Each structure stands twice: as structure tokens, then as C-alpha cells.
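For reference, the structure is listed below as C-alpha cells.
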Amino acid sequence: MKFLIRSIVYVNILSFLCFDIPGLAAEDSVMALDTEDYFPQVHKTLLEAKESIYIVMHIMEIGSGKKNDPTEQLVQDLIDAHQRGVKVKVILDKNLPEVEEELAEFEKVKNKNDKSYALLKNEGLNVSFDSPETVTMSSLIVIDDYISVLGSAFWCYASLVENIEASVLIRSKRIAKGNLELILKVESQSKN
């Protein structure tokens with residue numbers, strides 16, 4: 001049921017984006033990303049990052065054991081960006097259940113971010129978990145204060161390969177500024 005609701009919300013968002021968005025400058029652009037488009041576009045954009053990458057992500061799961069898991073490459077892209085001097089900040093959801101009734105669902109996502117957290121921390125990246133009082137259901141990336149990627153795609157094999165996901169890549173300083181403000185708000189409430 002949650003998947004259906006999430007899908008309907010993102011289809012509505014994508015439908016909205018087909019029309020003029022007030023405040024977008026002539027040089028700004030919006031690109032819809034389905035499951036097949038998400039990895040190649042995000043991978044390319046991370047490789048091209050020059051100054052900064054900010055990410056808030058509900059699930060960033062590496063070590064799935066699946067052959068050619070694109071998540072492994074995206075996480076490596078963050079490490080590579082950090083090594084070439086790009087400021088990288090990652091905030092992951094701690095995946096704590098809100099109420100006891102959610103425990104069965106929680107067992108499916110419990111600790112899915114721990115390996116990514118440990119790897120990124122070990123590589124010297126600025127990575128933290130969100131506040132334990134918060135469930136961060138976001139998939140939001142801001143690159144070089146200009147590019148925003150947001151939508152339903154989390155960084156896990158199922159989301160990047162198997163599911164039907166809907167995301168957008170927006171090139172707009174104005175939109176990136178608003179998204180970065182949201183990321184900084186989550187960061188101010190996060191724990192290291």
C-alpha cells in the first residue's frame with residue numbers, strides 16, 4: 001500500500017513538472033528519470049561534480065550480493081569525488097521503527113545503511129545518521145549548488161534495478177538552494 005501511495009505521489013509530481021514551473025530561469029531544466037535512467041544520469045552527474053555533493057537518503061544499501069549492483073558504483077562515485085577534493089556530505093536514515101506495529105516492516109530495512117555508513121566514514125567522508133526521532137524518507141541529492149536529484153529511488157538494488165521508480169534531475173540554482181536548505185535542516189538534527 002505504501003508503495004502504491006508513493007508511486008501515485010511521484011507520478012503527480014512528474015505530471016506537474018511537465019508544465020512551466022514558476023521561478024525556473026530559461027537556462028534551467030527538468031529531466032524525468034525512470035528506473036532505467038536514474039543510475040546512468042546520477043553516475044554521470046556525480047563524476048562531473050566539482051565543488052560539493054549533499055545527500056539525504058533513506059536507504060543506501062551496499063553489499064547486497066547481487067551481481068552488478070549499481071549502488072556499489074554510486075557509493076564509489078562519492079568516495080572518488082571526495083578523493084578529488086569535492087566536499088561530500090551524506091545523511092542516512094537510522095531506520096528505527098516509529099511504533100511497535102511497524103516492527104515487521106522494520107526488520108526488512110534494519111541496519112541497511114550501516115555498511116555504507118562504515119565504508120564512507122572509513123574513507124574520510126562526512127557521513128552521519130539522522131535523528132533517532134525522525135524517519136527520513138527522502139532521496140535527495142544536491143550537486144554543485146545547481147543540480148538536484150529527487151524522487152522515489154533509494155540507493156539499493158531493488159530500487160535501482162527491479163522497481164518502477166520516478167525521480168527528477170533539476171538544473172536550477174533556485175531549486176538547489178531550497179533543497180540544500182532542507183538538507184542542512186536535516187543535518188542540524190542529525191547525529192554522527
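Each chain in the C-alpha cells gets a letter, A, B, ..., in the order shown, and its residues are numbered from 1; ligands are numbered from 1 in order too.
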Could you pull the residues within 10 Å of Val88 of chain A, counting only C-alpha atoms, minus those fewer than 4 positions along the same chain, as an mmCIF file with C-alpha atoms, in the first residue's frame?
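The file below, out.cif, is the result:
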data_model
loop_
_atom_site.group_PDB
_atom_site.id
_atom_site.type_symbol
_atom_site.label_atom_id
_atom_site.label_comp_id
_atom_site.auth_asym_id
_atom_site.auth_seq_id
_atom_site.Cartn_x
_atom_site.Cartn_y
_atom_site.Cartn_z
ATOM 1 C CA ALA A 49 30.756 17.193 -9.595
ATOM 2 C CA GLU A 51 32.590 21.526 -5.643
ATOM 3 C CA SER A 52 30.012 19.750 -3.497
ATOM 4 C CA ILE A 53 27.649 16.801 -3.153
ATOM 5 C CA TYR A 54 24.998 16.756 -0.420
ATOM 6 C CA ILE A 55 22.823 13.679 0.024
ATOM 7 C CA LEU A 78 31.084 9.529 -3.706
ATOM 8 C CA ILE A 79 34.445 8.225 -2.489
ATOM 9 C CA ALA A 81 34.586 12.689 -5.601
ATOM 10 C CA HIS A 82 35.872 13.108 -2.045
ATOM 11 C CA GLN A 83 39.344 11.980 -3.137
ATOM 12 C CA LEU A 120 32.104 6.206 3.795
ATOM 13 C CA GLY A 124 37.053 10.027 5.425
ATOM 14 C CA LEU A 125 33.722 11.304 4.121
ATOM 15 C CA ASN A 126 31.395 13.440 6.209
ATOM 16 C CA VAL A 127 28.583 10.956 6.911
ATOM 17 C CA ILE A 143 25.394 18.809 -6.564
#
*What residues in segment 113-162 of chain A get the DSSP label strand (DSSP E)? Please answer as a PyMOL selection string.*
chain A and resi 126-129+139-143+147-151
Next, dump the selected residues to file, keeping only N, CA and C atoms, as a PDB file, in the first residue's frame.
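Here's the written file result34.pdb:
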ATOM      1  N   ASN A 126      32.264  12.892   5.182  1.00  0.00           N
ATOM      2  CA  ASN A 126      31.395  13.440   6.209  1.00  0.00           C
ATOM      3  C   ASN A 126      30.046  12.726   6.095  1.00  0.00           C
ATOM      4  N   VAL A 127      29.809  11.754   6.952  1.00  0.00           N
ATOM      5  CA  VAL A 127      28.583  10.956   6.911  1.00  0.00           C
ATOM      6  C   VAL A 127      27.984  10.892   8.312  1.00  0.00           C
ATOM      7  N   SER A 128      26.675  10.958   8.394  1.00  0.00           N
ATOM      8  CA  SER A 128      26.000  10.884   9.687  1.00  0.00           C
ATOM      9  C   SER A 128      24.645  10.227   9.515  1.00  0.00           C
ATOM     10  N   PHE A 129      24.062   9.840  10.638  1.00  0.00           N
ATOM     11  CA  PHE A 129      22.690   9.345  10.659  1.00  0.00           C
ATOM     12  C   PHE A 129      21.773  10.484  11.065  1.00  0.00           C
ATOM     13  N   SER A 139      14.979  10.885  -0.728  1.00  0.00           N
ATOM     14  CA  SER A 139      16.065  10.559  -1.645  1.00  0.00           C
ATOM     15  C   SER A 139      16.367  11.875  -2.346  1.00  0.00           C
ATOM     16  N   LEU A 140      17.319  12.620  -1.802  1.00  0.00           N
ATOM     17  CA  LEU A 140      17.586  13.978  -2.255  1.00  0.00           C
ATOM     18  C   LEU A 140      19.086  14.189  -2.383  1.00  0.00           C
ATOM     19  N   ILE A 141      19.501  14.670  -3.539  1.00  0.00           N
ATOM     20  CA  ILE A 141      20.905  14.950  -3.823  1.00  0.00           C
ATOM     21  C   ILE A 141      20.995  16.364  -4.372  1.00  0.00           C
ATOM     22  N   VAL A 142      21.970  17.138  -3.878  1.00  0.00           N
ATOM     23  CA  VAL A 142      22.251  18.462  -4.430  1.00  0.00           C
ATOM     24  C   VAL A 142      23.733  18.486  -4.791  1.00  0.00           C
ATOM     25  N   ILE A 143      24.025  18.817  -6.052  1.00  0.00           N
ATOM     26  CA  ILE A 143      25.394  18.809  -6.564  1.00  0.00           C
ATOM     27  C   ILE A 143      25.757  20.205  -7.060  1.00  0.00           C
ATOM     28  N   ILE A 147      22.459  21.384  -9.279  1.00  0.00           N
ATOM     29  CA  ILE A 147      21.732  20.195  -9.716  1.00  0.00           C
ATOM     30  C   ILE A 147      21.070  19.526  -8.513  1.00  0.00           C
ATOM     31  N   SER A 148      19.786  19.229  -8.643  1.00  0.00           N
ATOM     32  CA  SER A 148      19.050  18.482  -7.621  1.00  0.00           C
ATOM     33  C   SER A 148      18.512  17.208  -8.254  1.00  0.00           C
ATOM     34  N   VAL A 149      18.634  16.100  -7.520  1.00  0.00           N
ATOM     35  CA  VAL A 149      18.020  14.845  -7.936  1.00  0.00           C
ATOM     36  C   VAL A 149      17.134  14.414  -6.777  1.00  0.00           C
ATOM     37  N   LEU A 150      15.852  14.223  -7.057  1.00  0.00           N
ATOM     38  CA  LEU A 150      14.934  13.793  -6.009  1.00  0.00           C
ATOM     39  C   LEU A 150      13.847  12.916  -6.594  1.00  0.00           C
ATOM     40  N   GLY A 151      13.296  12.078  -5.744  1.00  0.00           N
ATOM     41  CA  GLY A 151      12.233  11.185  -6.195  1.00  0.00           C
ATOM     42  C   GLY A 151      12.143   9.956  -5.330  1.00  0.00           C
TER      43      GLY A 151
END
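The protein and nucleic acid residues lying at most 10 Å from Ser190 of chain A are Ile91, Leu92, Asp93, Lys94, Ser128, Phe129, Asp130, Ser131, Pro132, Glu133, Thr134 and Leu184 of chain A, with only C-alpha atoms considered and sequence neighbours fewer than 6 positions away removed.
Distances here use only C-alpha atoms; by that measure, the residue among A:Lys177, A:Lys87, A:Lys50, A:Lys44 closest to Leu74 of chain A is A:Lys44.
Near Ser64 of chain A, within 10 Å and counting only C-alpha atoms, sit Thr71, Glu72, Lys112, Cys156, Tyr157 and Ala158 of chain A; same-chain residues fewer than 6 positions away were not included.
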